[in-house]
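The structure file coords.txt is reproduced below (compact mmCIF, N, CA and C atoms).
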```
# COMPACT_ATOMS: atom_id res chain seq x y z
N MET A 1 -60.45 3.83 -24.22
CA MET A 1 -60.71 4.86 -25.19
C MET A 1 -61.20 6.11 -24.49
N LYS A 2 -61.11 7.23 -25.18
CA LYS A 2 -61.68 8.49 -24.72
C LYS A 2 -62.88 8.78 -25.63
N LEU A 3 -63.96 9.24 -25.01
CA LEU A 3 -65.17 9.56 -25.76
C LEU A 3 -65.56 11.00 -25.43
N ILE A 4 -65.67 11.82 -26.44
CA ILE A 4 -66.14 13.20 -26.27
C ILE A 4 -67.58 13.24 -26.76
N ILE A 5 -68.48 13.63 -25.87
CA ILE A 5 -69.90 13.73 -26.21
C ILE A 5 -70.25 15.20 -26.25
N MET A 6 -70.78 15.65 -27.39
CA MET A 6 -71.11 17.07 -27.57
C MET A 6 -72.54 17.22 -28.04
N ARG A 7 -73.22 18.19 -27.45
CA ARG A 7 -74.56 18.56 -27.92
C ARG A 7 -74.39 19.59 -29.04
N HIS A 8 -75.25 19.54 -30.03
CA HIS A 8 -75.21 20.49 -31.13
C HIS A 8 -75.34 21.93 -30.63
N GLY A 9 -74.95 22.86 -31.47
CA GLY A 9 -75.08 24.27 -31.15
C GLY A 9 -76.53 24.73 -31.16
N GLU A 10 -76.74 25.95 -30.68
CA GLU A 10 -78.08 26.54 -30.64
C GLU A 10 -78.69 26.52 -32.04
N ALA A 11 -79.94 26.06 -32.11
CA ALA A 11 -80.64 25.96 -33.40
C ALA A 11 -81.88 26.84 -33.40
N GLY A 12 -82.23 27.30 -34.56
CA GLY A 12 -83.43 28.11 -34.72
C GLY A 12 -84.67 27.24 -34.84
N TRP A 13 -85.77 27.90 -35.07
CA TRP A 13 -87.05 27.22 -35.16
C TRP A 13 -87.31 26.76 -36.59
N HIS A 14 -87.96 25.62 -36.72
CA HIS A 14 -88.45 25.13 -38.02
C HIS A 14 -89.63 24.23 -37.73
N SER A 15 -90.61 24.25 -38.59
CA SER A 15 -91.80 23.41 -38.36
C SER A 15 -91.49 21.92 -38.43
N ILE A 16 -90.39 21.58 -39.08
CA ILE A 16 -89.94 20.18 -39.14
C ILE A 16 -88.65 20.09 -38.31
N ASP A 17 -88.71 19.37 -37.19
CA ASP A 17 -87.60 19.32 -36.25
C ASP A 17 -86.29 18.90 -36.92
N GLN A 18 -86.34 17.95 -37.82
CA GLN A 18 -85.14 17.43 -38.47
C GLN A 18 -84.44 18.49 -39.32
N MET A 19 -85.14 19.56 -39.66
CA MET A 19 -84.61 20.58 -40.56
C MET A 19 -84.07 21.81 -39.82
N ARG A 20 -84.14 21.81 -38.49
CA ARG A 20 -83.68 22.97 -37.74
C ARG A 20 -82.19 23.20 -38.00
N GLU A 21 -81.82 24.46 -38.26
CA GLU A 21 -80.43 24.82 -38.55
C GLU A 21 -79.84 25.64 -37.41
N LEU A 22 -78.52 25.64 -37.34
CA LEU A 22 -77.84 26.42 -36.32
C LEU A 22 -78.08 27.91 -36.53
N THR A 23 -78.19 28.62 -35.42
CA THR A 23 -78.22 30.08 -35.47
C THR A 23 -76.77 30.56 -35.60
N GLU A 24 -76.62 31.85 -35.84
CA GLU A 24 -75.26 32.42 -35.89
C GLU A 24 -74.57 32.22 -34.54
N ALA A 25 -75.31 32.41 -33.46
CA ALA A 25 -74.73 32.19 -32.12
C ALA A 25 -74.34 30.72 -31.94
N GLY A 26 -75.14 29.82 -32.47
CA GLY A 26 -74.84 28.39 -32.39
C GLY A 26 -73.59 28.02 -33.17
N ARG A 27 -73.41 28.63 -34.32
CA ARG A 27 -72.20 28.39 -35.11
C ARG A 27 -70.96 28.90 -34.38
N PHE A 28 -71.07 30.10 -33.84
CA PHE A 28 -69.94 30.71 -33.12
C PHE A 28 -69.57 29.87 -31.90
N ALA A 29 -70.56 29.50 -31.08
CA ALA A 29 -70.30 28.73 -29.86
C ALA A 29 -69.69 27.36 -30.19
N SER A 30 -70.20 26.71 -31.22
CA SER A 30 -69.66 25.40 -31.62
C SER A 30 -68.20 25.53 -32.07
N GLY A 31 -67.90 26.59 -32.80
CA GLY A 31 -66.53 26.82 -33.23
C GLY A 31 -65.60 27.10 -32.06
N ARG A 32 -66.10 27.84 -31.08
CA ARG A 32 -65.28 28.15 -29.91
C ARG A 32 -64.97 26.89 -29.10
N VAL A 33 -65.98 26.05 -28.89
CA VAL A 33 -65.76 24.80 -28.17
C VAL A 33 -64.83 23.89 -28.97
N ALA A 34 -65.02 23.83 -30.28
CA ALA A 34 -64.13 23.01 -31.12
C ALA A 34 -62.68 23.47 -31.00
N SER A 35 -62.45 24.77 -30.97
CA SER A 35 -61.08 25.29 -30.83
C SER A 35 -60.48 24.92 -29.48
N GLU A 36 -61.31 24.97 -28.43
CA GLU A 36 -60.81 24.59 -27.10
C GLU A 36 -60.45 23.10 -27.05
N ILE A 37 -61.29 22.27 -27.65
CA ILE A 37 -61.00 20.84 -27.67
C ILE A 37 -59.75 20.57 -28.51
N ALA A 38 -59.63 21.27 -29.64
CA ALA A 38 -58.48 21.07 -30.52
C ALA A 38 -57.16 21.36 -29.82
N SER A 39 -57.17 22.32 -28.91
CA SER A 39 -55.93 22.66 -28.22
C SER A 39 -55.76 21.90 -26.91
N SER A 40 -56.68 20.99 -26.62
CA SER A 40 -56.59 20.19 -25.39
C SER A 40 -55.84 18.88 -25.67
N ARG A 41 -55.63 18.12 -24.64
CA ARG A 41 -54.99 16.81 -24.81
C ARG A 41 -55.97 15.74 -25.26
N TRP A 42 -57.24 16.11 -25.43
CA TRP A 42 -58.27 15.14 -25.82
C TRP A 42 -58.75 15.34 -27.25
N ARG A 43 -57.89 15.69 -28.12
CA ARG A 43 -58.26 15.92 -29.53
C ARG A 43 -58.76 14.60 -30.15
N PRO A 44 -59.99 14.60 -30.70
CA PRO A 44 -60.52 13.36 -31.30
C PRO A 44 -59.88 13.05 -32.65
N GLU A 45 -60.10 11.82 -33.07
CA GLU A 45 -59.59 11.37 -34.38
C GLU A 45 -60.72 11.19 -35.39
N LEU A 46 -61.95 11.12 -34.90
CA LEU A 46 -63.10 10.85 -35.74
C LEU A 46 -64.34 11.42 -35.06
N ILE A 47 -65.31 11.86 -35.87
CA ILE A 47 -66.58 12.36 -35.35
C ILE A 47 -67.70 11.47 -35.87
N TRP A 48 -68.56 11.03 -34.96
CA TRP A 48 -69.84 10.43 -35.33
C TRP A 48 -70.89 11.49 -35.04
N CYS A 49 -71.86 11.65 -35.95
CA CYS A 49 -72.91 12.63 -35.69
C CYS A 49 -74.27 12.09 -36.08
N SER A 50 -75.27 12.74 -35.53
CA SER A 50 -76.67 12.46 -35.84
C SER A 50 -76.95 12.77 -37.31
N THR A 51 -78.04 12.25 -37.81
CA THR A 51 -78.45 12.52 -39.19
C THR A 51 -79.27 13.80 -39.30
N LEU A 52 -79.53 14.49 -38.19
CA LEU A 52 -80.33 15.72 -38.24
C LEU A 52 -79.44 16.93 -38.54
N THR A 53 -80.01 17.90 -39.21
CA THR A 53 -79.28 19.05 -39.75
C THR A 53 -78.42 19.77 -38.72
N ARG A 54 -78.99 20.11 -37.56
CA ARG A 54 -78.24 20.92 -36.59
C ARG A 54 -77.01 20.19 -36.05
N ALA A 55 -77.10 18.88 -35.89
CA ALA A 55 -75.93 18.10 -35.45
C ALA A 55 -74.92 17.98 -36.59
N GLN A 56 -75.39 17.81 -37.80
CA GLN A 56 -74.48 17.74 -38.94
C GLN A 56 -73.71 19.05 -39.10
N GLN A 57 -74.42 20.17 -38.93
CA GLN A 57 -73.75 21.47 -39.05
C GLN A 57 -72.71 21.66 -37.94
N THR A 58 -73.06 21.25 -36.72
CA THR A 58 -72.11 21.34 -35.60
C THR A 58 -70.89 20.47 -35.88
N ALA A 59 -71.14 19.23 -36.29
CA ALA A 59 -70.03 18.32 -36.60
C ALA A 59 -69.16 18.87 -37.73
N SER A 60 -69.76 19.50 -38.69
CA SER A 60 -69.01 20.09 -39.80
C SER A 60 -68.08 21.20 -39.31
N ILE A 61 -68.58 22.02 -38.40
CA ILE A 61 -67.75 23.08 -37.83
C ILE A 61 -66.59 22.47 -37.05
N VAL A 62 -66.88 21.50 -36.21
CA VAL A 62 -65.84 20.83 -35.42
C VAL A 62 -64.84 20.14 -36.34
N GLY A 63 -65.35 19.45 -37.34
CA GLY A 63 -64.49 18.75 -38.29
C GLY A 63 -63.58 19.68 -39.05
N GLU A 64 -64.11 20.86 -39.39
CA GLU A 64 -63.29 21.84 -40.11
C GLU A 64 -62.20 22.41 -39.22
N VAL A 65 -62.54 22.72 -37.98
CA VAL A 65 -61.55 23.26 -37.05
C VAL A 65 -60.42 22.26 -36.82
N MET A 66 -60.77 20.97 -36.72
CA MET A 66 -59.77 19.95 -36.37
C MET A 66 -59.36 19.06 -37.54
N ASN A 67 -59.89 19.33 -38.73
CA ASN A 67 -59.58 18.53 -39.91
C ASN A 67 -59.86 17.04 -39.66
N LEU A 68 -61.12 16.74 -39.28
CA LEU A 68 -61.51 15.38 -38.92
C LEU A 68 -62.56 14.83 -39.87
N PRO A 69 -62.53 13.52 -40.09
CA PRO A 69 -63.61 12.90 -40.85
C PRO A 69 -64.87 12.79 -39.98
N ILE A 70 -66.03 12.79 -40.66
CA ILE A 70 -67.32 12.72 -39.99
C ILE A 70 -68.11 11.57 -40.58
N ILE A 71 -68.72 10.79 -39.70
CA ILE A 71 -69.60 9.70 -40.13
C ILE A 71 -70.96 9.92 -39.49
N GLU A 72 -72.00 9.96 -40.32
CA GLU A 72 -73.36 10.07 -39.79
C GLU A 72 -73.80 8.69 -39.29
N ARG A 73 -74.39 8.68 -38.10
CA ARG A 73 -74.86 7.44 -37.50
C ARG A 73 -76.34 7.60 -37.15
N PRO A 74 -77.22 6.74 -37.68
CA PRO A 74 -78.67 6.89 -37.48
C PRO A 74 -79.14 6.67 -36.05
N PHE A 75 -78.32 6.07 -35.20
CA PHE A 75 -78.72 5.80 -33.81
C PHE A 75 -78.39 6.97 -32.87
N LEU A 76 -78.05 8.13 -33.42
CA LEU A 76 -77.68 9.28 -32.60
C LEU A 76 -78.70 10.41 -32.65
N THR A 77 -79.94 10.14 -33.00
CA THR A 77 -80.97 11.17 -33.01
C THR A 77 -81.53 11.35 -31.59
N PRO A 78 -82.28 12.42 -31.34
CA PRO A 78 -82.67 12.76 -29.97
C PRO A 78 -83.33 11.63 -29.17
N ASP A 79 -84.21 10.89 -29.80
CA ASP A 79 -85.00 9.91 -29.06
C ASP A 79 -84.46 8.49 -29.11
N ASN A 80 -83.28 8.30 -29.68
CA ASN A 80 -82.71 6.95 -29.69
C ASN A 80 -82.32 6.53 -28.28
N ASP A 81 -82.31 5.23 -28.07
CA ASP A 81 -81.89 4.65 -26.80
C ASP A 81 -80.36 4.71 -26.73
N PRO A 82 -79.79 5.23 -25.64
CA PRO A 82 -78.32 5.27 -25.56
C PRO A 82 -77.69 3.88 -25.58
N GLY A 83 -78.47 2.86 -25.27
CA GLY A 83 -77.97 1.49 -25.33
C GLY A 83 -77.60 1.09 -26.75
N GLU A 84 -78.28 1.67 -27.75
CA GLU A 84 -77.91 1.38 -29.15
C GLU A 84 -76.50 1.86 -29.44
N CYS A 85 -76.18 3.06 -28.97
CA CYS A 85 -74.83 3.60 -29.17
C CYS A 85 -73.81 2.75 -28.42
N LEU A 86 -74.13 2.38 -27.19
CA LEU A 86 -73.24 1.53 -26.41
C LEU A 86 -72.98 0.21 -27.13
N ASP A 87 -74.03 -0.41 -27.69
CA ASP A 87 -73.86 -1.66 -28.42
C ASP A 87 -72.88 -1.49 -29.58
N VAL A 88 -72.99 -0.39 -30.31
CA VAL A 88 -72.08 -0.15 -31.43
C VAL A 88 -70.66 0.09 -30.93
N LEU A 89 -70.52 0.83 -29.84
CA LEU A 89 -69.18 1.05 -29.27
C LEU A 89 -68.53 -0.27 -28.86
N LEU A 90 -69.36 -1.20 -28.39
CA LEU A 90 -68.84 -2.50 -27.96
C LEU A 90 -68.50 -3.43 -29.12
N THR A 91 -69.16 -3.26 -30.26
CA THR A 91 -69.00 -4.22 -31.36
C THR A 91 -68.25 -3.67 -32.57
N GLU A 92 -68.10 -2.36 -32.66
CA GLU A 92 -67.45 -1.74 -33.82
C GLU A 92 -65.95 -2.09 -33.84
N ASP A 93 -65.47 -2.47 -34.99
CA ASP A 93 -64.04 -2.73 -35.16
C ASP A 93 -63.32 -1.43 -35.45
N ASN A 94 -62.07 -1.36 -35.06
CA ASN A 94 -61.17 -0.25 -35.39
C ASN A 94 -61.66 1.11 -34.91
N LEU A 95 -62.17 1.17 -33.69
CA LEU A 95 -62.53 2.47 -33.13
C LEU A 95 -61.25 3.25 -32.84
N PRO A 96 -61.29 4.56 -33.02
CA PRO A 96 -60.10 5.36 -32.69
C PRO A 96 -59.90 5.43 -31.18
N GLN A 97 -58.73 5.84 -30.77
CA GLN A 97 -58.44 6.02 -29.35
C GLN A 97 -59.34 7.11 -28.74
N THR A 98 -59.61 8.15 -29.52
CA THR A 98 -60.49 9.23 -29.07
C THR A 98 -61.54 9.50 -30.14
N LEU A 99 -62.79 9.30 -29.76
CA LEU A 99 -63.94 9.45 -30.66
C LEU A 99 -64.82 10.57 -30.12
N MET A 100 -65.37 11.38 -31.04
CA MET A 100 -66.32 12.42 -30.66
C MET A 100 -67.68 12.07 -31.21
N ILE A 101 -68.71 12.26 -30.39
CA ILE A 101 -70.10 12.08 -30.81
C ILE A 101 -70.79 13.42 -30.72
N VAL A 102 -71.45 13.85 -31.80
CA VAL A 102 -72.24 15.08 -31.80
C VAL A 102 -73.69 14.69 -31.98
N SER A 103 -74.50 15.02 -30.98
CA SER A 103 -75.89 14.60 -30.99
C SER A 103 -76.77 15.62 -30.28
N HIS A 104 -77.83 15.16 -29.66
CA HIS A 104 -78.90 16.00 -29.13
C HIS A 104 -79.27 15.58 -27.71
N MET A 105 -79.98 16.48 -27.03
CA MET A 105 -80.67 16.11 -25.80
C MET A 105 -81.94 15.39 -26.24
N PRO A 106 -82.40 14.38 -25.56
CA PRO A 106 -81.88 13.85 -24.31
C PRO A 106 -80.79 12.79 -24.48
N LEU A 107 -80.46 12.42 -25.73
CA LEU A 107 -79.50 11.32 -25.94
C LEU A 107 -78.14 11.60 -25.30
N VAL A 108 -77.60 12.81 -25.49
CA VAL A 108 -76.25 13.08 -24.96
C VAL A 108 -76.22 12.93 -23.44
N GLY A 109 -77.25 13.41 -22.77
CA GLY A 109 -77.31 13.29 -21.31
C GLY A 109 -77.49 11.86 -20.85
N SER A 110 -78.35 11.13 -21.54
CA SER A 110 -78.59 9.72 -21.20
C SER A 110 -77.36 8.86 -21.46
N LEU A 111 -76.68 9.11 -22.56
CA LEU A 111 -75.48 8.34 -22.89
C LEU A 111 -74.38 8.61 -21.87
N ALA A 112 -74.20 9.88 -21.50
CA ALA A 112 -73.17 10.22 -20.52
C ALA A 112 -73.43 9.54 -19.18
N THR A 113 -74.68 9.58 -18.71
CA THR A 113 -74.94 8.95 -17.40
C THR A 113 -74.92 7.43 -17.49
N LEU A 114 -75.28 6.87 -18.63
CA LEU A 114 -75.18 5.42 -18.80
C LEU A 114 -73.72 4.98 -18.68
N LEU A 115 -72.83 5.71 -19.32
CA LEU A 115 -71.42 5.33 -19.32
C LEU A 115 -70.71 5.63 -18.01
N VAL A 116 -71.14 6.68 -17.30
CA VAL A 116 -70.47 7.06 -16.06
C VAL A 116 -71.15 6.45 -14.83
N ASP A 117 -72.47 6.54 -14.78
CA ASP A 117 -73.20 6.12 -13.58
C ASP A 117 -73.98 4.82 -13.74
N GLY A 118 -74.07 4.30 -14.95
CA GLY A 118 -74.76 3.03 -15.17
C GLY A 118 -76.27 3.14 -15.22
N HIS A 119 -76.83 4.35 -15.34
CA HIS A 119 -78.27 4.52 -15.50
C HIS A 119 -78.55 5.46 -16.67
N ARG A 120 -79.80 5.58 -17.06
CA ARG A 120 -80.17 6.36 -18.24
C ARG A 120 -80.98 7.61 -17.91
N ARG A 121 -80.97 8.05 -16.67
CA ARG A 121 -81.79 9.21 -16.31
C ARG A 121 -81.32 10.47 -17.01
N GLY A 122 -80.07 10.60 -17.25
CA GLY A 122 -79.55 11.72 -18.03
C GLY A 122 -79.28 12.97 -17.24
N ILE A 123 -78.26 13.69 -17.69
CA ILE A 123 -77.93 15.00 -17.14
C ILE A 123 -78.20 16.01 -18.25
N PRO A 124 -78.51 17.25 -17.89
CA PRO A 124 -78.73 18.25 -18.94
C PRO A 124 -77.41 18.70 -19.56
N PHE A 125 -77.44 18.91 -20.85
CA PHE A 125 -76.31 19.50 -21.59
C PHE A 125 -76.79 20.82 -22.16
N MET A 126 -75.98 21.86 -22.04
CA MET A 126 -76.27 23.11 -22.73
C MET A 126 -75.89 22.94 -24.19
N THR A 127 -76.41 23.80 -25.05
CA THR A 127 -76.02 23.72 -26.46
C THR A 127 -74.52 23.98 -26.57
N SER A 128 -73.88 23.28 -27.45
CA SER A 128 -72.44 23.32 -27.72
C SER A 128 -71.58 22.81 -26.57
N GLN A 129 -72.17 22.26 -25.53
CA GLN A 129 -71.39 21.70 -24.42
C GLN A 129 -70.84 20.34 -24.82
N ALA A 130 -69.63 20.07 -24.36
CA ALA A 130 -69.00 18.77 -24.60
C ALA A 130 -68.37 18.27 -23.31
N VAL A 131 -68.39 16.96 -23.14
CA VAL A 131 -67.71 16.33 -22.00
C VAL A 131 -66.76 15.27 -22.54
N VAL A 132 -65.70 15.04 -21.78
CA VAL A 132 -64.71 14.02 -22.12
C VAL A 132 -64.84 12.90 -21.10
N LEU A 133 -65.05 11.68 -21.59
CA LEU A 133 -65.13 10.51 -20.73
C LEU A 133 -63.94 9.60 -21.01
N ASP A 134 -63.32 9.12 -19.95
CA ASP A 134 -62.27 8.12 -20.07
C ASP A 134 -62.94 6.77 -19.85
N LEU A 135 -62.83 5.89 -20.82
CA LEU A 135 -63.45 4.57 -20.76
C LEU A 135 -62.37 3.49 -20.84
N PRO A 136 -61.78 3.10 -19.69
CA PRO A 136 -60.80 2.03 -19.73
C PRO A 136 -61.41 0.74 -20.28
N ILE A 137 -62.69 0.56 -19.96
CA ILE A 137 -63.51 -0.53 -20.51
C ILE A 137 -64.81 0.11 -20.95
N VAL A 138 -65.26 -0.17 -22.16
CA VAL A 138 -66.52 0.38 -22.64
C VAL A 138 -67.66 -0.42 -22.03
N GLY A 139 -68.46 0.25 -21.21
CA GLY A 139 -69.59 -0.42 -20.58
C GLY A 139 -70.30 0.51 -19.63
N PRO A 140 -71.52 0.14 -19.21
CA PRO A 140 -72.28 0.97 -18.28
C PRO A 140 -71.52 1.16 -16.97
N GLY A 141 -71.43 2.41 -16.53
CA GLY A 141 -70.77 2.71 -15.27
C GLY A 141 -69.26 2.63 -15.30
N CYS A 142 -68.65 2.43 -16.44
CA CYS A 142 -67.19 2.25 -16.53
C CYS A 142 -66.45 3.55 -16.86
N GLY A 143 -67.16 4.60 -17.18
CA GLY A 143 -66.52 5.84 -17.59
C GLY A 143 -66.22 6.77 -16.44
N ASP A 144 -65.26 7.64 -16.68
CA ASP A 144 -64.86 8.64 -15.70
C ASP A 144 -64.87 9.98 -16.42
N LEU A 145 -65.61 10.94 -15.87
CA LEU A 145 -65.67 12.29 -16.46
C LEU A 145 -64.34 12.99 -16.23
N LYS A 146 -63.66 13.37 -17.31
CA LYS A 146 -62.34 13.99 -17.22
C LYS A 146 -62.35 15.49 -17.43
N ALA A 147 -63.25 15.97 -18.27
CA ALA A 147 -63.27 17.42 -18.59
C ALA A 147 -64.61 17.76 -19.21
N GLN A 148 -64.90 19.07 -19.18
CA GLN A 148 -66.04 19.55 -19.95
C GLN A 148 -65.68 20.86 -20.60
N PHE A 149 -66.32 21.14 -21.70
CA PHE A 149 -66.09 22.35 -22.47
C PHE A 149 -67.43 23.05 -22.65
N LEU A 150 -67.47 24.33 -22.30
CA LEU A 150 -68.70 25.12 -22.39
C LEU A 150 -68.47 26.30 -23.30
N ALA A 151 -69.52 26.67 -24.01
CA ALA A 151 -69.43 27.82 -24.92
C ALA A 151 -69.48 29.12 -24.13
```
Starting from the file, lay out its structure as structure tokens.
Amino acid sequence: MKLIIMRHGEAGWHSIDQMRELTEAGRFASGRVASEIASSRWRPELIWCSTLTRAQQTASIVGEVMNLPIIERPFLTPDNDPGECLDVLLTEDNLPQTLMIVSHMPLVGSLATLLVDGHRRGIPFMTSQAVVLDLPIVGPGCGDLKAQFLA
């Protein structure tokens, strides 16, 4: 399978972290990255996103650009263990050939390094950044970084 991991767009300040919304710059950057992915050979078939507002808004922009369904997944919030996502990837039936995940730091960085390098130390992701991983077998250290998209 191919897995596209994307960090949400730039978000503004809010006293409640879960309520932070995308800025205008965040909306624009997310749309630009979505357009680049849409015209690439790694176009996803489905989006999984975090339950937090800024990731939902990013996923909505991506979904609109590519006409994709979106499923909110509770294990994709910033502080979740990337192993939870890996467990679901290993056990979920009927996964698409190319899946996109829209989430947050540090989860996106930890998930990417878990799948590529087999550890959870994580790499930094800029807002609206996405990477494409080729996973011939879904598992720690089994992924190969194929591309990245920057706003």
**Message:** Give me the residues near Leu22 in chain A as a PyMOL selection string, where near means some atom within 8 Å (using all atoms listed in the file) and where sequence neighbours in that chain fewer than 2 positions away do not count.
**Reply:** chain A and resi 8-13+19-20+24-28+53-55+57-58
Keeping only N, CA and C atoms, take the residues you just selected and write them out as a tab-separated table (two decimals), keeping the file's coordinate frame.
```tsv
chain	number	residue	atom	x	y	z
A	8	HIS	N	-75.25	19.54	-30.03
A	8	HIS	CA	-75.21	20.49	-31.13
A	8	HIS	C	-75.34	21.93	-30.63
A	9	GLY	N	-74.95	22.86	-31.47
A	9	GLY	CA	-75.08	24.27	-31.15
A	9	GLY	C	-76.53	24.73	-31.16
A	10	GLU	N	-76.74	25.95	-30.68
A	10	GLU	CA	-78.08	26.54	-30.64
A	10	GLU	C	-78.69	26.52	-32.04
A	11	ALA	N	-79.94	26.06	-32.11
A	11	ALA	CA	-80.64	25.96	-33.40
A	11	ALA	C	-81.88	26.84	-33.40
A	12	GLY	N	-82.23	27.30	-34.56
A	12	GLY	CA	-83.43	28.11	-34.72
A	12	GLY	C	-84.67	27.24	-34.84
A	13	TRP	N	-85.77	27.90	-35.07
A	13	TRP	CA	-87.05	27.22	-35.16
A	13	TRP	C	-87.31	26.76	-36.59
A	19	MET	N	-85.14	19.56	-39.66
A	19	MET	CA	-84.61	20.58	-40.56
A	19	MET	C	-84.07	21.81	-39.82
A	20	ARG	N	-84.14	21.81	-38.49
A	20	ARG	CA	-83.68	22.97	-37.74
A	20	ARG	C	-82.19	23.20	-38.00
A	24	GLU	N	-76.62	31.85	-35.84
A	24	GLU	CA	-75.26	32.42	-35.89
A	24	GLU	C	-74.57	32.22	-34.54
A	25	ALA	N	-75.31	32.41	-33.46
A	25	ALA	CA	-74.73	32.19	-32.12
A	25	ALA	C	-74.34	30.72	-31.94
A	26	GLY	N	-75.14	29.82	-32.47
A	26	GLY	CA	-74.84	28.39	-32.39
A	26	GLY	C	-73.59	28.02	-33.17
A	27	ARG	N	-73.41	28.63	-34.32
A	27	ARG	CA	-72.20	28.39	-35.11
A	27	ARG	C	-70.96	28.90	-34.38
A	28	PHE	N	-71.07	30.10	-33.84
A	28	PHE	CA	-69.94	30.71	-33.12
A	28	PHE	C	-69.57	29.87	-31.90
A	53	THR	N	-80.01	17.90	-39.21
A	53	THR	CA	-79.28	19.05	-39.75
A	53	THR	C	-78.42	19.77	-38.72
A	54	ARG	N	-78.99	20.11	-37.56
A	54	ARG	CA	-78.24	20.92	-36.59
A	54	ARG	C	-77.01	20.19	-36.05
A	55	ALA	N	-77.10	18.88	-35.89
A	55	ALA	CA	-75.93	18.10	-35.45
A	55	ALA	C	-74.92	17.98	-36.59
A	57	GLN	N	-74.42	20.17	-38.93
A	57	GLN	CA	-73.75	21.47	-39.05
A	57	GLN	C	-72.71	21.66	-37.94
A	58	THR	N	-73.06	21.25	-36.72
A	58	THR	CA	-72.11	21.34	-35.60
A	58	THR	C	-70.89	20.47	-35.88
```
**Prompt:** How many Å lie between CA of Asp117 in chain A and CA of Gly141 in chain A, rounded to one decimal?
**Reply:** 4.5 Å
**Prompt:** So which residues touch Ala34 in chain A within 7 Å, counting only N, CA and C atoms, skipping near sequence neighbours fewer than 5 positions away, as number ranges by chain?
**Reply:** A: 29, 39, 61-62, 65-66
**Message:** Please compute the atom N of Val102 in chain A-atom N of Met6 in chain A distance, one decimal, in Å.
**Reply:** 4.8 Å
**Message:** Which residue is closest to Pro124 in chain A? Choose from A:Gly109, A:Gly139, A:Gly83, A:Ile101 and count only N, CA and C atoms.
**Reply:** A:Gly109
**Prompt:** Which residues come within 6.5 Å of Val131 in chain A, counting only N, CA and C atoms, excluding same-chain residues fewer than 3 positions away, as a PyMOL selection string?
**Reply:** chain A and resi 3-6+146-149
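CA of Glu72 in chain A lies 25.3 Å from CA of Cys142 in chain A.
Distances here use all atoms listed in the file; by that measure, the residue among A:Pro44, A:Ile16, A:Leu52, A:Gly143 closest to Gly118 in chain A is A:Gly143.
When DSSP reads the backbone of this structure, the residues of range 65-99 of chain A it assigns to alpha helix (DSSP H) are Val65, Met66, Pro82, Gly83, Glu84, Cys85, Leu86, Asp87, Val88, Leu89, Leu90 and Thr91 of chain A.
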**Request:** Run DSSP on the backbone of this structure and report the residues of chain A it assigns to strand (DSSP E or B), as an MDAnalysis selection string.
**Result:** chainID A and resid 2:7 11 22 46:49 70:72 98:103 130:134 144:149
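For the choices A:Val138, A:Asp17, A:Ser35, A:Arg41, the atom-to-atom distance to Glu92 in chain A is smallest for A:Val138 when using only C-alpha atoms.
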**Request:** For each of A:Leu145, A:Cys49, A:Leu90, A:Gly63, take the minimum atom-to-atom distance to Thr77 in chain A, counting all atoms listed in the file, then give the residue where this is smallest.
**Result:** A:Cys49
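Between Arg73 in chain A and the residues A:His119, A:Asn94, A:Trp48, A:Val88, the shortest atom-to-atom distance, using all atoms listed in the file, involves A:Trp48.
Take the candidates A:Arg7, A:Ile37, A:Asp79, A:Pro140 and check each one against Ala59 in chain A using all atoms listed in the file; the shortest distance goes to A:Arg7.
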**8 Å contact set for Gly122 in chain A, only C-alpha atoms, chain neighbours under 4 positions out, as an MDAnalysis selection string** = chainID A and resid 106:114
Some atoms are missing, so please complete range 123-130 of chain A with N, CA, C and O atoms and return it as a short mmCIF file (atom, residue, chain, number, x, y, z; two decimals), keeping the file's coordinate frame.
```cif
data_model
loop_
_atom_site.label_atom_id
_atom_site.label_comp_id
_atom_site.auth_asym_id
_atom_site.auth_seq_id
_atom_site.Cartn_x
_atom_site.Cartn_y
_atom_site.Cartn_z
N ILE A 123 -78.26 13.69 -17.69
CA ILE A 123 -77.93 15.00 -17.14
C ILE A 123 -78.20 16.01 -18.25
O ILE A 123 -78.13 15.68 -19.43
N PRO A 124 -78.51 17.25 -17.89
CA PRO A 124 -78.73 18.25 -18.94
C PRO A 124 -77.41 18.70 -19.56
O PRO A 124 -76.40 18.80 -18.87
N PHE A 125 -77.44 18.91 -20.85
CA PHE A 125 -76.31 19.50 -21.59
C PHE A 125 -76.79 20.82 -22.16
O PHE A 125 -77.87 20.89 -22.73
N MET A 126 -75.98 21.86 -22.04
CA MET A 126 -76.27 23.11 -22.73
C MET A 126 -75.89 22.94 -24.19
O MET A 126 -75.12 22.04 -24.53
N THR A 127 -76.41 23.80 -25.05
CA THR A 127 -76.02 23.72 -26.46
C THR A 127 -74.52 23.98 -26.57
O THR A 127 -73.95 24.77 -25.82
N SER A 128 -73.88 23.28 -27.45
CA SER A 128 -72.44 23.32 -27.72
C SER A 128 -71.58 22.81 -26.57
O SER A 128 -70.37 22.88 -26.64
N GLN A 129 -72.17 22.26 -25.53
CA GLN A 129 -71.39 21.70 -24.42
C GLN A 129 -70.84 20.34 -24.82
O GLN A 129 -71.49 19.57 -25.52
N ALA A 130 -69.63 20.07 -24.36
CA ALA A 130 -69.00 18.77 -24.60
C ALA A 130 -68.37 18.27 -23.31
O ALA A 130 -67.90 19.06 -22.50
#
```
